[in-house]
$ cat final_16.txt   # compact mmCIF, C-alpha atoms
# COMPACT_ATOMS: atom_id res chain seq x y z
CA MET A 1 -12.06 28.07 16.64
CA LEU A 2 -13.32 26.66 13.33
CA SER A 3 -11.30 29.24 11.40
CA LEU A 4 -8.17 28.11 13.26
CA LEU A 5 -8.78 24.48 12.34
CA LYS A 6 -9.04 25.50 8.68
CA TRP A 7 -5.89 27.61 8.78
CA ARG A 8 -4.14 26.61 5.56
CA ASN A 9 -0.62 27.33 6.79
CA LYS A 10 -0.98 25.43 10.05
CA VAL A 11 1.19 22.48 8.89
CA ALA A 12 4.11 24.76 8.09
CA SER A 13 3.66 26.53 11.41
CA ILE A 14 3.48 23.25 13.33
CA CYS A 15 6.72 22.12 11.65
CA ARG A 16 8.35 25.42 12.56
CA TRP A 17 7.25 25.22 16.21
CA SER A 18 8.23 21.57 16.69
CA TYR A 19 11.36 20.31 18.42
CA LYS A 20 11.63 17.51 15.84
CA VAL A 21 9.49 16.44 12.89
CA SER A 22 8.81 12.81 12.00
CA CYS A 23 8.05 12.11 8.34
CA GLY A 24 6.98 8.92 6.60
CA ASN A 25 8.52 9.55 3.19
CA SER A 26 10.98 11.84 1.41
CA TYR A 27 8.26 14.03 -0.10
CA LEU A 28 6.97 14.93 3.37
CA GLY A 29 10.52 15.23 4.66
CA ASN A 30 11.50 17.71 1.97
CA TYR A 31 8.47 19.82 2.80
CA ALA A 32 9.20 19.79 6.53
CA ARG A 33 12.85 20.77 6.03
CA GLN A 34 11.72 24.11 4.70
CA TYR A 35 10.63 24.97 8.23
CA ASN A 36 12.66 22.76 10.55
CA ARG A 37 16.22 21.45 10.41
CA SER A 38 15.54 18.47 12.67
CA VAL A 39 13.55 16.10 10.45
CA ILE A 40 13.69 12.34 11.04
CA PHE A 41 12.52 9.72 8.56
CA ASN A 42 10.13 7.33 10.29
CA PRO A 43 8.38 5.15 7.73
CA SER A 44 5.09 3.35 8.27
CA THR A 45 5.97 0.20 10.18
CA ILE A 46 4.55 -3.30 10.22
CA ASP A 47 4.40 -5.81 13.05
CA THR A 48 5.97 -8.69 11.14
CA ARG A 49 6.07 -11.00 14.17
CA HIS A 50 2.66 -10.97 15.78
CA ALA A 51 0.34 -9.62 13.08
CA HIS A 52 1.58 -9.55 9.47
CA ASN A 53 3.18 -12.96 9.70
CA PRO A 54 2.28 -15.39 6.90
CA GLY A 55 3.41 -18.33 9.02
CA MET A 56 0.59 -17.63 11.48
CA HIS A 57 -2.08 -17.52 8.77
CA PRO A 58 -1.47 -20.20 6.11
CA ALA A 59 -3.44 -19.46 2.96
CA GLU A 60 -5.90 -22.01 1.64
CA LYS A 61 -4.84 -23.39 -1.73
CA THR A 62 -7.48 -23.04 -4.45
CA ASN A 63 -7.57 -22.90 -8.24
CA THR A 64 -8.78 -19.31 -8.07
CA ILE A 65 -6.24 -16.53 -8.51
CA ARG A 66 -7.19 -13.41 -6.59
CA ILE A 67 -6.08 -9.88 -7.27
CA GLY A 68 -6.86 -7.97 -4.09
CA TRP A 69 -7.11 -4.48 -2.66
CA THR A 70 -7.77 -3.23 0.87
CA GLY A 71 -8.60 0.25 2.11
CA SER A 72 -11.24 2.59 3.47
CA HIS A 73 -14.31 3.91 1.66
CA SER A 74 -12.53 7.23 1.11
CA THR A 75 -9.94 5.53 -1.10
CA LEU A 76 -12.28 3.23 -3.03
CA LYS A 77 -12.32 5.89 -5.75
CA TYR A 78 -8.72 5.02 -6.61
CA LEU A 79 -9.88 1.67 -7.96
CA LYS A 80 -11.50 3.53 -10.84
CA GLU A 81 -7.97 4.13 -12.12
CA ILE A 82 -7.61 0.49 -13.10
CA GLU A 83 -11.22 -0.73 -13.33
CA PRO A 84 -10.96 -1.34 -17.11
CA VAL A 85 -7.73 -3.32 -16.68
CA ILE A 86 -9.16 -5.55 -13.95
CA GLY A 87 -12.36 -6.00 -15.94
CA LYS A 88 -10.41 -7.08 -19.01
CA LEU A 89 -8.28 -9.55 -17.06
CA THR A 90 -11.23 -11.17 -15.28
CA THR A 91 -12.80 -11.69 -18.70
CA GLU A 92 -9.64 -13.26 -20.12
CA TYR A 93 -8.99 -15.56 -17.14
CA PRO A 94 -11.94 -17.72 -16.00
CA ASN A 95 -10.19 -18.53 -12.70
CA LEU A 96 -9.40 -14.90 -11.84
CA GLU A 97 -11.29 -12.99 -9.15
CA PHE A 98 -11.00 -9.44 -7.86
CA MET A 99 -11.35 -9.15 -4.09
CA VAL A 100 -11.94 -5.91 -2.16
CA ILE A 101 -11.64 -5.59 1.62
CA ALA A 102 -13.17 -2.33 2.83
CA ASP A 103 -15.73 -0.76 5.14
CA ARG A 104 -18.04 -0.19 2.18
CA ALA A 105 -18.79 -2.16 -0.98
CA PRO A 106 -17.17 -0.75 -4.13
CA ASP A 107 -19.12 0.52 -7.13
CA LEU A 108 -17.24 -1.25 -9.89
CA LYS A 109 -18.34 -2.82 -13.17
CA ILE A 110 -16.36 -6.02 -12.70
CA ASP A 111 -18.16 -9.34 -13.04
CA LYS A 112 -16.03 -11.49 -10.75
CA LEU A 113 -15.89 -9.15 -7.79
CA LYS A 114 -15.74 -10.42 -4.20
CA PHE A 115 -16.41 -7.89 -1.45
CA VAL A 116 -15.30 -8.70 2.10
CA PRO A 117 -16.23 -6.25 4.88
CA TRP A 118 -13.16 -5.15 6.83
CA ARG A 119 -12.94 -6.56 10.34
CA ALA A 120 -9.99 -6.24 12.66
CA ALA A 121 -10.36 -9.81 13.89
CA THR A 122 -10.10 -11.33 10.40
CA GLU A 123 -8.03 -8.73 8.55
CA ILE A 124 -4.84 -10.76 8.18
CA ALA A 125 -6.62 -14.00 7.29
CA ASP A 126 -8.67 -12.12 4.69
CA LEU A 127 -5.55 -10.52 3.19
CA MET A 128 -3.95 -13.94 2.94
CA GLN A 129 -6.57 -14.86 0.33
CA PHE A 130 -4.82 -12.47 -2.09
CA ASP A 131 -2.43 -13.87 -4.69
CA ILE A 132 -1.57 -10.36 -5.90
CA GLY A 133 -2.02 -7.10 -4.01
CA ILE A 134 -2.57 -3.77 -5.74
CA MET A 135 -2.28 -0.10 -4.77
CA PRO A 136 -3.48 2.23 -7.55
CA LEU A 137 -3.18 5.97 -6.95
CA PRO A 138 -3.58 9.14 -9.01
CA ASN A 139 -0.47 11.30 -9.24
CA ASP A 140 -1.31 14.41 -7.21
CA GLU A 141 -0.02 16.37 -4.23
CA TRP A 142 -2.19 14.45 -1.76
CA THR A 143 -1.13 10.96 -2.85
CA LYS A 144 2.55 11.96 -2.96
CA GLY A 145 2.27 12.29 0.80
CA LYS A 146 0.92 8.77 1.32
CA CYS A 147 3.33 6.36 2.99
CA GLY A 148 2.42 3.04 1.37
CA PHE A 149 0.88 1.19 4.32
CA LYS A 150 -1.29 -1.20 2.31
CA LEU A 151 1.66 -1.91 0.03
CA LEU A 152 3.74 -2.85 3.07
CA GLN A 153 0.91 -5.03 4.35
CA TYR A 154 0.93 -7.07 1.15
CA MET A 155 4.69 -7.43 1.07
CA ALA A 156 4.94 -8.41 4.75
CA LEU A 157 2.49 -11.25 4.02
CA GLU A 158 4.55 -12.40 1.01
CA ILE A 159 1.89 -11.17 -1.40
CA PRO A 160 3.47 -9.82 -4.62
CA ALA A 161 2.56 -6.16 -5.03
CA VAL A 162 1.74 -3.93 -7.99
CA ALA A 163 1.40 -0.21 -7.34
CA SER A 164 1.21 3.18 -9.02
CA SER A 165 4.58 4.85 -9.40
CA VAL A 166 3.67 7.64 -6.99
CA GLY A 167 5.07 8.92 -3.71
CA ALA A 168 6.44 6.42 -1.19
CA ASN A 169 5.71 3.54 -3.56
CA LEU A 170 8.77 4.63 -5.53
CA GLU A 171 10.89 4.25 -2.40
CA ILE A 172 9.42 0.92 -1.31
CA ILE A 173 9.38 -1.07 -4.55
CA THR A 174 12.39 -1.93 -6.69
CA GLN A 175 11.04 -2.70 -10.14
CA ASP A 176 11.09 -6.40 -11.07
CA GLU A 177 12.72 -7.28 -7.74
CA THR A 178 10.23 -6.58 -4.97
CA GLY A 179 7.19 -5.72 -7.06
CA TYR A 180 6.00 -3.67 -10.03
CA LEU A 181 5.45 0.04 -10.43
CA CYS A 182 2.99 1.22 -13.08
CA ALA A 183 2.16 4.60 -14.60
CA THR A 184 -0.24 3.65 -17.42
CA PRO A 185 -3.10 1.18 -17.92
CA GLU A 186 -0.89 -0.79 -20.31
CA GLU A 187 1.82 -1.13 -17.65
CA TRP A 188 -0.79 -2.32 -15.15
CA TYR A 189 -2.07 -4.89 -17.60
CA ILE A 190 1.41 -6.23 -18.42
CA ALA A 191 2.50 -6.45 -14.77
CA LEU A 192 -0.68 -8.16 -13.58
CA LYS A 193 -0.77 -10.57 -16.49
CA LYS A 194 2.85 -11.53 -15.85
CA LEU A 195 2.01 -12.41 -12.24
CA ILE A 196 -1.21 -14.20 -13.12
CA ASP A 197 0.66 -16.41 -15.60
CA ASN A 198 3.61 -17.27 -13.36
CA SER A 199 3.06 -18.72 -9.88
CA ASP A 200 6.82 -19.07 -9.31
CA LEU A 201 7.27 -15.36 -9.99
CA ARG A 202 4.52 -14.56 -7.48
CA LEU A 203 6.33 -16.68 -4.90
CA GLN A 204 9.73 -15.08 -5.58
CA LEU A 205 8.46 -11.50 -5.42
CA GLY A 206 6.49 -12.30 -2.28
CA LYS A 207 9.56 -13.66 -0.50
CA ARG A 208 11.70 -10.68 -1.51
CA GLY A 209 8.99 -8.26 -0.42
CA ARG A 210 8.80 -9.88 3.00
CA LYS A 211 12.57 -9.60 3.46
CA LEU A 212 12.49 -5.93 2.53
CA VAL A 213 9.76 -5.13 5.03
CA GLU A 214 11.58 -7.02 7.79
CA ALA A 215 14.79 -5.12 7.06
CA ARG A 216 13.43 -1.58 6.56
CA TYR A 217 9.77 -1.25 7.51
CA SER A 218 9.20 -3.56 10.49
CA VAL A 219 8.60 -2.47 14.08
CA VAL A 220 11.81 -4.24 15.08
CA SER A 221 14.00 -2.55 12.46
CA ASN A 222 12.65 0.92 13.27
CA THR A 223 12.58 0.84 17.06
CA SER A 224 15.82 2.80 17.59
CA ASN A 225 14.86 5.23 14.84
CA PHE A 226 11.55 5.97 16.54
CA LEU A 227 13.13 6.35 19.97
CA ALA A 228 15.57 8.89 18.51
CA LEU A 229 12.64 11.30 18.28
CA PHE A 230 12.71 11.66 22.06
CA GLU A 231 16.42 12.21 22.52

$ encode --input "final_16.txt" --output "structure tokens"
Amino acid sequence: MLSLLKWRNKVASICRWSYKVSCGNSYLGNYARQYNRSVIFNPSTIDTRHAHNPGMHPAEKTNTIRIGWTGSHSTLKYLKEIEPVIGKLTTEYPNLEFMVIADRAPDLKIDKLKFVPWRAATEIADLMQFDIGIMPLPNDEWTKGKCGFKLLQYMALEIPAVASSVGANLEIITQDETGYLCATPEEWYIALKKLIDNSDLRLQLGKRGRKLVEARYSVVSNTSNFLALFE
């Protein structure tokens, strides 16, 4: 049984045996189409009415600007990608703080680091403390298959987002319109600094991001698409 679970070609076989295949981004879709002609794009979806609704969780106004990240302990390692950039910015801006919401505290050499344990009951309220949301990723085969859930969380809550130009992030963000995509430490620094310096820009990107999620990545906008899987 264990050998079957470790069968390397099982994904291709499952795609081949399936009536239809649901994929969360084009990278996964292109893979599945090698083995099945009936592939439907079903992106990660957000409940923009009852959960990720900024109107239900008004953020407290403070003088502190928070760059934030949320995720599980298995993805904390991705923060190492931009640790030097965040460290530099928190040194340059006395009112800047880096906030991490996770199930385990991060091991980062950043002075102004705030760790908040993830809890389902307070998740949205905790996220609303972010002024800027980030999603750093390495560019590899595994991350190309990720579907950008935390990025969509930020945008649904009108939090301007900055992300690595990898995988589904490239499909979700339109550069300079709904967020920023970065491939180098310098690009991360420039994008974050721009948002730190301009509260109006943060507001504008946040509003546009929310509209995008409502139109393309909300539960409401994807209901018929999901139900098409069962036709």

$ closest_atom_pairs --input "final_16.txt" --of "stretch 54-165 of chain A" --to "stretch 17-33 of chain A" --cutoff "8 Å" --atoms "all atoms listed in the file" --output "Markdown table"
| residue | atom | partner | partner_atom | distance |
| --- | --- | --- | --- | --- |
| A:Lys144 | CA | A:Tyr27 | CA | 6.7 |
| A:Gly145 | CA | A:Leu28 | CA | 6.0 |
| A:Lys146 | CA | A:Asn25 | CA | 7.9 |
| A:Cys147 | CA | A:Gly24 | CA | 5.7 |

$ residues_around --input "final_16.txt" --residues "A:Leu151" --least-positions-apart "3" --cutoff "8 Å" --atoms "only C-alpha atoms" --output "list of chain:residue names"
A:Gly133, A:Ile134, A:Met135, A:Gly148, A:Tyr154, A:Met155, A:Ala161, A:Ala163, A:Asn169

$ closest_residue --input "final_16.txt" --among "A:Val100, A:Ile172, A:Val220, A:Ile65" --to "A:Asp131" --atoms "all atoms listed in the file"
A:Ile65

$ atom_distance --input "final_16.txt" --atom1 "atom CA of A:Ile196" --atom2 "atom CA of A:Ile46"
26.4 Å

$ residues_around --input "final_16.txt" --residues "A:His57" --least-positions-apart "2" --cutoff "9 Å" --atoms "all atoms listed in the file" --output "list in words"
His52, Asn53, Pro54, Gly55, Ala59, Ile124, Ala125 and Met128 of chain A

$ write_last_selection --input "final_16.txt" --atoms "C-alpha atoms" --output "PDB file, keeping the file's coordinate frame"
ATOM      1  CA  HIS A  52       1.580  -9.550   9.470  1.00  0.00           C
ATOM      2  CA  ASN A  53       3.180 -12.960   9.700  1.00  0.00           C
ATOM      3  CA  PRO A  54       2.280 -15.390   6.900  1.00  0.00           C
ATOM      4  CA  GLY A  55       3.410 -18.330   9.020  1.00  0.00           C
ATOM      5  CA  ALA A  59      -3.440 -19.460   2.960  1.00  0.00           C
ATOM      6  CA  ILE A 124      -4.840 -10.760   8.180  1.00  0.00           C
ATOM      7  CA  ALA A 125      -6.620 -14.000   7.290  1.00  0.00           C
ATOM      8  CA  MET A 128      -3.950 -13.940   2.940  1.00  0.00           C
TER       9      MET A 128
END

$ residues_around --input "final_16.txt" --residues "A:Thr45" --least-positions-apart "5" --cutoff "10 Å" --atoms "all atoms listed in the file" --output "ChimeraX atom specification"
/A:24,147-149,152-153,213-214,216-223

$ atom_distance --input "final_16.txt" --atom1 "atom CA of A:Thr122" --atom2 "atom CA of A:Leu181"
28.4 Å

$ atom_distance --input "final_16.txt" --atom1 "atom CA of A:Pro185" --atom2 "atom CA of A:Thr90"
15.0 Å

$ residues_around --input "final_16.txt" --residues "A:Leu79" --least-positions-apart "4" --cutoff "9 Å" --atoms "all atoms listed in the file" --output "PDB file with C-alpha atoms, keeping the file's coordinate frame"
ATOM      1  CA  TRP A  69      -7.110  -4.480  -2.660  1.00  0.00           C
ATOM      2  CA  THR A  75      -9.940   5.530  -1.100  1.00  0.00           C
ATOM      3  CA  GLU A  83     -11.220  -0.730 -13.330  1.00  0.00           C
ATOM      4  CA  PRO A 106     -17.170  -0.750  -4.130  1.00  0.00           C
ATOM      5  CA  LEU A 108     -17.240  -1.250  -9.890  1.00  0.00           C
ATOM      6  CA  MET A 135      -2.280  -0.100  -4.770  1.00  0.00           C
ATOM      7  CA  PRO A 136      -3.480   2.230  -7.550  1.00  0.00           C
ATOM      8  CA  LEU A 137      -3.180   5.970  -6.950  1.00  0.00           C
TER       9      LEU A 137
END

$ closest_residue --input "final_16.txt" --among "A:Ser72, A:Arg37, A:Trp142, A:Glu81" --to "A:Ala168" --atoms "all atoms listed in the file"
A:Trp142
